[in-house]
file input-v9.txt (compact mmCIF, C-alpha atoms)
# COMPACT_ATOMS: atom_id res chain seq x y z
CA GLY A 1 -3.65 0.00 2.46
CA TYR A 2 -4.50 -1.74 5.71
CA VAL A 3 -5.41 1.52 7.48
CA ALA A 4 -8.45 1.77 5.21
CA ALA A 5 -9.85 -1.57 6.35
CA PRO A 6 -11.65 -0.44 9.55
CA VAL A 7 -13.25 2.54 7.81
CA LEU A 8 -14.46 0.50 4.85
CA LEU A 9 -15.73 -2.32 7.04
CA ALA A 10 -17.65 0.18 9.16
CA ALA A 11 -19.13 1.72 6.00
CA TRP A 12 -20.14 -1.69 4.68
CA LEU A 13 -21.80 -2.61 7.98
CA ARG A 14 -23.85 0.57 7.70
CA GLY A 15 -24.92 -0.30 4.19
CA ARG A 16 -22.74 2.19 2.34
CA PRO A 17 -21.43 1.24 -1.09
CA LEU A 18 -17.69 0.64 -1.30
CA LEU A 19 -15.31 1.53 -4.12
CA VAL A 20 -11.80 0.09 -3.98
CA GLN A 21 -8.88 1.38 -6.03
CA GLU A 22 -5.81 -0.84 -6.47
CA GLN A 23 -2.73 1.00 -7.69
CA ASN A 24 -0.38 -1.93 -8.34
CA ALA A 25 -0.30 -4.94 -10.66
CA TYR A 26 -0.56 -7.19 -7.61
CA ALA A 27 -3.50 -6.44 -5.34
CA GLY A 28 -2.61 -5.96 -1.69
CA LEU A 29 -4.18 -8.10 1.03
CA THR A 30 -6.59 -5.40 2.23
CA ASN A 31 -7.89 -4.75 -1.27
CA ARG A 32 -8.14 -8.47 -2.05
CA VAL A 33 -10.36 -8.95 1.01
CA LEU A 34 -12.42 -5.78 0.74
CA SER A 35 -12.95 -6.15 -3.00
CA ARG A 36 -15.35 -8.99 -2.16
CA LEU A 37 -17.58 -6.40 -0.49
CA ALA A 38 -17.05 -3.60 -2.98
CA SER A 39 -19.61 -2.42 -5.50
CA ARG A 40 -16.82 -1.35 -7.84
CA ILE A 41 -13.08 -2.07 -8.07
CA HIS A 42 -10.82 0.25 -10.06
CA LEU A 43 -7.49 -1.18 -11.18
CA ALA A 44 -4.38 0.49 -12.52
CA PHE A 45 -2.95 -2.67 -14.13
CA PRO A 46 -4.92 -5.39 -15.93
CA GLU A 47 -2.90 -8.09 -14.15
CA ALA A 48 -4.61 -7.18 -10.86
CA GLN A 49 -7.87 -8.63 -12.20
CA ASP A 50 -6.56 -12.05 -11.16
CA TRP A 51 -6.95 -11.09 -7.50
CA VAL A 52 -10.39 -9.44 -7.37
CA PRO A 53 -13.94 -10.25 -8.53
CA ALA A 54 -13.59 -9.58 -12.25
CA GLN A 55 -17.28 -8.83 -12.84
CA ARG A 56 -17.05 -5.68 -10.70
CA ALA A 57 -13.58 -4.60 -11.80
CA VAL A 58 -12.55 -2.02 -14.37
CA VAL A 59 -9.04 -1.10 -15.50
CA SER A 60 -9.09 2.67 -15.20
CA GLY A 61 -5.44 3.46 -14.36
CA ASN A 62 -3.98 5.62 -11.62
CA PRO A 63 -4.76 9.34 -11.44
CA THR A 64 -1.80 11.44 -12.59
CA ARG A 65 -1.04 15.13 -12.43
CA ARG A 66 -2.61 17.32 -15.07
CA VAL A 67 0.76 18.82 -15.99
CA LEU A 68 1.87 15.34 -17.07
CA ARG A 69 -1.36 14.37 -18.82
CA GLU A 70 -1.46 17.56 -20.83
CA ALA A 71 2.22 17.70 -21.73
CA ASP A 72 2.80 18.26 -25.43
CA PRO A 73 5.05 15.53 -26.89
CA LYS A 74 6.34 18.19 -29.29
CA SER A 75 7.65 20.30 -26.40
CA ARG A 76 10.94 18.41 -26.14
CA ARG A 77 12.94 21.45 -27.27
CA ASP A 78 11.41 23.60 -24.50
CA ALA A 79 11.92 20.82 -21.97
CA ARG A 80 15.57 20.45 -22.87
CA ALA A 81 16.07 24.19 -22.70
CA THR A 82 14.74 24.02 -19.13
CA PHE A 83 17.61 21.67 -18.22
CA ASP A 84 20.14 23.36 -20.50
CA LEU A 85 20.36 20.29 -22.72
CA PRO A 86 21.14 20.34 -26.46
CA ASP A 87 18.25 19.62 -28.82
CA ASP A 88 20.09 16.69 -30.40
CA ALA A 89 21.34 15.10 -27.18
CA ARG A 90 20.54 11.57 -26.06
CA VAL A 91 19.29 12.11 -22.52
CA VAL A 92 19.14 9.65 -19.64
CA LEU A 93 17.09 10.68 -16.61
CA VAL A 94 17.99 8.83 -13.42
CA MET A 95 15.71 9.16 -10.43
CA GLY A 96 15.19 7.32 -7.19
CA GLY A 97 12.37 9.31 -5.64
CA SER A 98 12.45 12.31 -3.33
CA LEU A 99 14.61 10.50 -0.78
CA GLY A 100 16.69 8.74 -3.41
CA SER A 101 17.78 5.14 -3.88
CA ALA A 102 21.10 3.94 -2.53
CA ALA A 103 21.19 1.05 -5.01
CA ILE A 104 20.46 3.17 -8.08
CA ASN A 105 22.82 5.92 -6.99
CA GLY A 106 25.60 3.45 -6.29
CA ALA A 107 25.21 1.72 -9.64
CA VAL A 108 25.16 5.02 -11.55
CA GLU A 109 28.26 6.24 -9.73
CA HIS A 110 30.06 2.96 -10.43
CA ASN A 111 29.10 2.96 -14.13
CA LEU A 112 29.09 6.70 -14.80
CA GLU A 113 32.01 6.70 -17.21
CA THR A 114 30.29 4.11 -19.41
CA LEU A 115 26.89 5.80 -19.16
CA LEU A 116 28.41 9.06 -20.43
CA ARG A 117 30.22 7.39 -23.30
CA GLY A 118 29.27 9.14 -26.52
CA ASP A 119 29.67 12.85 -27.17
CA ASP A 120 25.91 13.39 -27.36
CA VAL A 121 24.90 11.49 -24.20
CA HIS A 122 23.77 13.60 -21.24
CA VAL A 123 22.72 12.31 -17.82
CA VAL A 124 20.35 14.15 -15.48
CA TRP A 125 20.76 12.42 -12.13
CA GLN A 126 18.23 13.08 -9.39
CA THR A 127 19.94 11.69 -6.30
CA GLY A 128 17.40 12.42 -3.59
CA GLU A 129 17.88 14.58 -0.53
CA ARG A 130 19.62 11.91 1.52
CA TYR A 131 22.48 11.28 -0.92
CA HIS A 132 22.96 14.50 -2.85
CA ASP A 133 25.80 16.16 -0.95
CA ASP A 134 27.90 13.00 -0.72
CA ILE A 135 27.52 12.28 -4.43
CA VAL A 136 28.38 15.84 -5.42
CA ASN A 137 31.54 15.57 -3.34
CA GLU A 138 32.51 12.17 -4.77
CA VAL A 139 31.70 12.56 -8.47
CA ASN A 140 33.91 14.64 -10.70
CA GLU A 141 32.22 17.46 -12.56
CA HIS A 142 31.38 16.64 -16.15
CA PRO A 143 29.93 18.94 -18.82
CA ARG A 144 27.31 16.35 -19.76
CA LEU A 145 26.28 15.45 -16.22
CA GLN A 146 23.75 17.24 -14.01
CA VAL A 147 23.44 16.08 -10.41
CA VAL A 148 20.35 17.45 -8.68
CA GLU A 149 18.72 16.75 -5.35
CA TYR A 150 15.14 17.03 -6.52
CA ILE A 151 13.24 17.84 -9.72
CA ASP A 152 10.21 20.11 -9.40
CA GLN A 153 9.26 20.12 -13.08
CA MET A 154 8.74 16.43 -13.69
CA GLY A 155 6.67 17.05 -16.80
CA MET A 156 9.62 18.81 -18.37
CA ALA A 157 12.01 16.11 -17.13
CA TYR A 158 10.02 13.31 -18.76
CA ALA A 159 9.67 15.31 -21.98
CA ALA A 160 13.43 15.94 -22.11
CA ALA A 161 14.42 12.31 -21.54
CA ASP A 162 15.01 9.59 -24.11
CA LEU A 163 15.22 7.01 -21.33
CA VAL A 164 14.51 6.92 -17.61
CA VAL A 165 16.18 4.73 -14.99
CA CYS A 166 13.94 4.52 -11.92
CA ARG A 167 12.01 2.43 -9.42
CA ALA A 168 8.73 0.74 -10.37
CA GLY A 169 6.28 2.26 -7.93
CA ALA A 170 2.65 2.45 -9.03
CA LEU A 171 2.53 6.18 -9.65
CA THR A 172 5.94 6.30 -11.32
CA CYS A 173 4.81 3.60 -13.75
CA SER A 174 1.60 5.50 -14.40
CA GLU A 175 3.55 8.69 -15.12
CA LEU A 176 5.83 6.82 -17.52
CA MET A 177 2.81 5.50 -19.37
CA VAL A 178 0.92 8.78 -19.59
CA THR A 179 4.03 10.60 -20.81
CA GLY A 180 5.11 7.80 -23.14
CA THR A 181 8.60 7.57 -21.65
CA PRO A 182 10.75 4.43 -22.14
CA ALA A 183 12.26 3.15 -18.91
CA VAL A 184 14.67 0.79 -17.24
CA LEU A 185 12.74 -0.23 -14.15
CA VAL A 186 14.61 -1.30 -11.00
CA PRO A 187 11.99 -2.65 -8.57
CA SER A 188 12.60 -2.01 -4.91
CA PRO A 189 13.00 -5.30 -3.04
CA ASN A 190 11.83 -3.62 0.17
CA VAL A 191 8.10 -3.45 -0.58
CA THR A 192 5.17 -5.64 0.40
CA ALA A 193 4.70 -8.78 -1.71
CA ASP A 194 7.36 -7.59 -4.15
CA HIS A 195 4.65 -5.60 -5.92
CA GLN A 196 7.12 -3.35 -7.77
CA THR A 197 8.45 -6.37 -9.64
CA LYS A 198 4.88 -7.15 -10.75
CA ASN A 199 4.48 -3.55 -11.95
CA ALA A 200 7.75 -3.73 -13.88
CA GLN A 201 6.86 -7.10 -15.39
CA SER A 202 3.59 -5.63 -16.62
CA LEU A 203 5.30 -2.79 -18.46
CA GLU A 204 8.07 -5.03 -19.76
CA GLN A 205 5.55 -7.53 -21.16
CA ALA A 206 3.75 -4.64 -22.85
CA GLY A 207 7.05 -3.62 -24.47
CA ALA A 208 7.21 -0.29 -22.62
CA ALA A 209 10.14 -0.97 -20.28
CA VAL A 210 13.08 -3.18 -19.41
CA LEU A 211 13.09 -4.81 -15.98
CA LEU A 212 16.49 -4.76 -14.28
CA PRO A 213 16.46 -6.52 -10.88
CA GLU A 214 18.38 -4.70 -8.17
CA PRO A 215 20.84 -7.60 -7.59
CA GLU A 216 21.86 -7.29 -11.26
CA LEU A 217 21.84 -3.50 -11.39
CA ASP A 218 25.51 -2.77 -10.78
CA GLU A 219 26.64 -5.44 -13.22
CA ARG A 220 24.21 -4.81 -16.09
CA LEU A 221 23.40 -1.09 -16.05
CA ASP A 222 26.42 -0.19 -18.18
CA ALA A 223 25.19 -2.54 -20.91
CA VAL A 224 21.42 -2.06 -20.77
CA VAL A 225 21.39 1.75 -21.00
CA PRO A 226 23.87 2.12 -23.90
CA ASP A 227 22.13 -0.67 -25.80
CA LEU A 228 18.78 1.13 -25.55
CA LEU A 229 20.23 4.55 -26.37
CA GLY A 230 21.83 3.03 -29.45
CA ASP A 231 18.50 1.69 -30.71
CA PRO A 232 16.20 4.67 -31.40
CA GLU A 233 13.68 2.46 -33.18
CA ARG A 234 13.23 0.37 -30.04
CA LEU A 235 12.90 3.49 -27.90
CA THR A 236 10.14 4.70 -30.19
CA GLN A 237 8.39 1.35 -29.92
CA MET A 238 8.70 1.46 -26.12
CA ALA A 239 7.26 4.97 -26.03
CA ASP A 240 4.31 3.92 -28.19
CA ALA A 241 3.71 0.85 -26.03
CA ALA A 242 3.72 3.00 -22.89
CA ARG A 243 1.14 5.38 -24.35
CA GLU A 244 -1.07 2.46 -25.37
CA ARG A 245 -1.20 1.35 -21.74
CA ALA A 246 -1.86 4.85 -20.42
CA ARG A 247 -5.17 5.84 -18.86
CA PRO A 248 -5.02 9.66 -18.89
CA ASP A 249 -8.68 9.95 -17.81
CA ALA A 250 -8.23 7.82 -14.68
CA ALA A 251 -9.11 10.56 -12.19
CA GLU A 252 -12.28 11.52 -14.04
CA THR A 253 -13.33 7.88 -14.51
CA ILE A 254 -12.94 7.06 -10.81
CA ALA A 255 -14.58 10.28 -9.64
CA ARG A 256 -17.55 9.69 -11.96
CA ASP A 257 -17.99 6.20 -10.52
CA VAL A 258 -17.85 7.54 -6.97
CA LEU A 259 -20.61 10.04 -7.74
CA THR A 260 -22.71 7.38 -9.49
CA LEU A 261 -22.49 5.04 -6.49
CA ALA A 262 -23.32 7.88 -4.11
CA ASP A 263 -26.35 8.93 -6.18
CA HIS A 264 -27.58 5.35 -6.34
CA TYR A 265 -27.26 4.99 -2.56
CA ARG A 266 -29.18 8.23 -1.90
CA GLN A 267 -31.99 7.20 -4.25
CA ASN A 268 -32.42 3.84 -2.57

call {"tool": "encode", "arguments": {"input": "input-v9.txt", "output": "structure tokens"}}
result
Amino acid sequence: GYVAAPVLLAAWLRGRPLLVQEQNAYAGLTNRVLSRLASRIHLAFPEAQDWVPAQRAVVSGNPTRRVLREADPKSRRDARATFDLPDDARVVLVMGGSLGSAAINGAVEHNLETLLRGDDVHVVWQTGERYHDDIVNEVNEHPRLQVVEYIDQMGMAYAAADLVVCRAGALTCSELMVTGTPAVLVPSPNVTADHQTKNAQSLEQAGAAVLLPEPELDERLDAVVPDLLGDPERLTQMADAARERARPDAAETIARDVLTLADHYRQN
């Protein structure tokens, strides 16, 4: 982000090597400018290569938590037991981040009856701290609905889910890829340069997700989610496509490059 610019410019003026890491599919202004001075540019999405000097760029992915990278795809039964979900359920995980998303929460509340249609469909709805109490008070209890403020065990949550409905932030997308989780991505319109839409487009074009713009969310959610849940073959294809885009060794790759650049600087 822009707060890094003065530090990196000062380092460059003193002859230090620079390494830039861009987390989104669309490179931000600071990274676009500083990448011209960088010895190495690490990208999370291949589309970002259009905005930086390609000869010094490498698509290494975003670092993700070890608990997600090392999750066993065969642990679905344990994951579902964690959330008290049946082994044979079709599970939708809804999440809007730690604070929550008013748009996602509103659309889920409006379409909840349709989303729960089917005796084997379960919804785990992470509302965020800001909205939890109001939603609990407004939504009728349902045996196949769990409304939670926050989820600590995200590795288990991804493993339990057949489908996730969420925003398209850089790290969320990276977690979806490394866990091989199909998603309906609802980009936030309140971010710089609409970069979440670029992230979502990248995953959709790879076949790993469906992009659902926020203005269409309330109208289309009740069709998109049931359609995907009713097509297990497509969900499998989406999961495979997500894993193909994953870069589980991102942290190690970037750290190794940092050390290499530092060693080269010290030796010269």

call {"tool": "atom_distance", "arguments": {"input": "input-v9.txt", "atom1": "CA of Arg144 (chain A)", "atom2": "CA of Asp222 (chain A)"}}
result
16.6 Å

call {"tool": "closest_residue", "arguments": {"input": "input-v9.txt", "among": "A:Glu252, A:Asp134, A:Asp119, A:Glu175", "to": "Ala159 (chain A)", "atoms": "all atoms listed in the file"}}
result
A:Glu175

call {"tool": "closest_residue", "arguments": {"input": "input-v9.txt", "among": "A:Asp257, A:Asp240, A:Asp84, A:Glu129", "to": "Gly97 (chain A)", "atoms": "only C-alpha atoms"}}
result
A:Glu129

call {"tool": "residues_around", "arguments": {"input": "input-v9.txt", "residues": "region 21-35 of chain A", "least_positions_apart": "4", "cutoff": "10 Å", "atoms": "all atoms listed in the file", "output": "PyMOL selection string"}}
result
chain A and resi 1-5+8-9+12+39-54+56-63+168-171+173-174+192-203+254

call {"tool": "closest_residue", "arguments": {"input": "input-v9.txt", "among": "A:Glu113, A:Glu70, A:Asp120, A:Asp249", "to": "Asp88 (chain A)", "atoms": "all atoms listed in the file"}}
result
A:Asp120

call {"tool": "atom_distance", "arguments": {"input": "input-v9.txt", "atom1": "CA of Val136 (chain A)", "atom2": "CA of Ala107 (chain A)"}}
result
15.1 Å

call {"tool": "residues_near_point", "arguments": {"input": "input-v9.txt", "point": "(15.0, -4.2, -29.4)", "cutoff": "12 Å", "atoms": "all atoms listed in the file", "output": "list in words"}}
result
Glu204, Gly207, Ala208, Ala209, Val210, Val224, Asp227, Leu228, Leu229, Gly230, Asp231, Pro232, Glu233, Arg234, Leu235, Thr236, Gln237 and Met238 of chain A

call {"tool": "residues_near_point", "arguments": {"input": "input-v9.txt", "point": "(21.2, 8.2, -19.6)", "cutoff": "6 Å", "atoms": "all atoms listed in the file", "output": "number ranges by chain"}}
result
A: 91-93, 123

call {"tool": "residues_around", "arguments": {"input": "input-v9.txt", "residues": "region 265-267 of chain A", "least_positions_apart": "4", "cutoff": "9 Å", "atoms": "all atoms listed in the file", "output": "JSON list (two decimals) with C-alpha atoms, keeping the file's coordinate frame"}}
result
[["chain", "number", "residue", "atom", "x", "y", "z"],
["A", 15, "GLY", "CA", -24.92, -0.30, 4.19],
["A", 16, "ARG", "CA", -22.74, 2.19, 2.34],
["A", 17, "PRO", "CA", -21.43, 1.24, -1.09],
["A", 260, "THR", "CA", -22.71, 7.38, -9.49],
["A", 261, "LEU", "CA", -22.49, 5.04, -6.49]]

call {"tool": "residues_around", "arguments": {"input": "input-v9.txt", "residues": "His132 (chain A)", "least_positions_apart": "6", "cutoff": "8 Å", "atoms": "all atoms listed in the file", "output": "number ranges by chain"}}
result
A: 147-149

call {"tool": "atom_distance", "arguments": {"input": "input-v9.txt", "atom1": "CA of Asn105 (chain A)", "atom2": "CA of Leu85 (chain A)"}}
result
21.4 Å

call {"tool": "closest_residue", "arguments": {"input": "input-v9.txt", "among": "A:Ala206, A:Thr114, A:Gly100, A:Pro187", "to": "Ala239 (chain A)", "atoms": "only C-alpha atoms"}}
result
A:Ala206

call {"tool": "closest_residue", "arguments": {"input": "input-v9.txt", "among": "A:Asn140, A:Ser101, A:Gln153, A:Asn111", "to": "Thr127 (chain A)", "atoms": "only C-alpha atoms"}}
result
A:Ser101

call {"tool": "closest_atom_pairs", "arguments": {"input": "input-v9.txt", "of": "region 131-167 of chain A", "to": "region 183-186 of chain A", "cutoff": "8 Å", "atoms": "only C-alpha atoms", "output": "JSON lines"}}
result
{"residue": "A:Leu163", "atom": "CA", "partner": "A:Ala183", "partner_atom": "CA", "distance": 5.4}
{"residue": "A:Val164", "atom": "CA", "partner": "A:Ala183", "partner_atom": "CA", "distance": 4.6}
{"residue": "A:Val165", "atom": "CA", "partner": "A:Val184", "partner_atom": "CA", "distance": 4.8}
{"residue": "A:Cys166", "atom": "CA", "partner": "A:Leu185", "partner_atom": "CA", "distance": 5.4}
{"residue": "A:Arg167", "atom": "CA", "partner": "A:Val186", "partner_atom": "CA", "distance": 4.8}
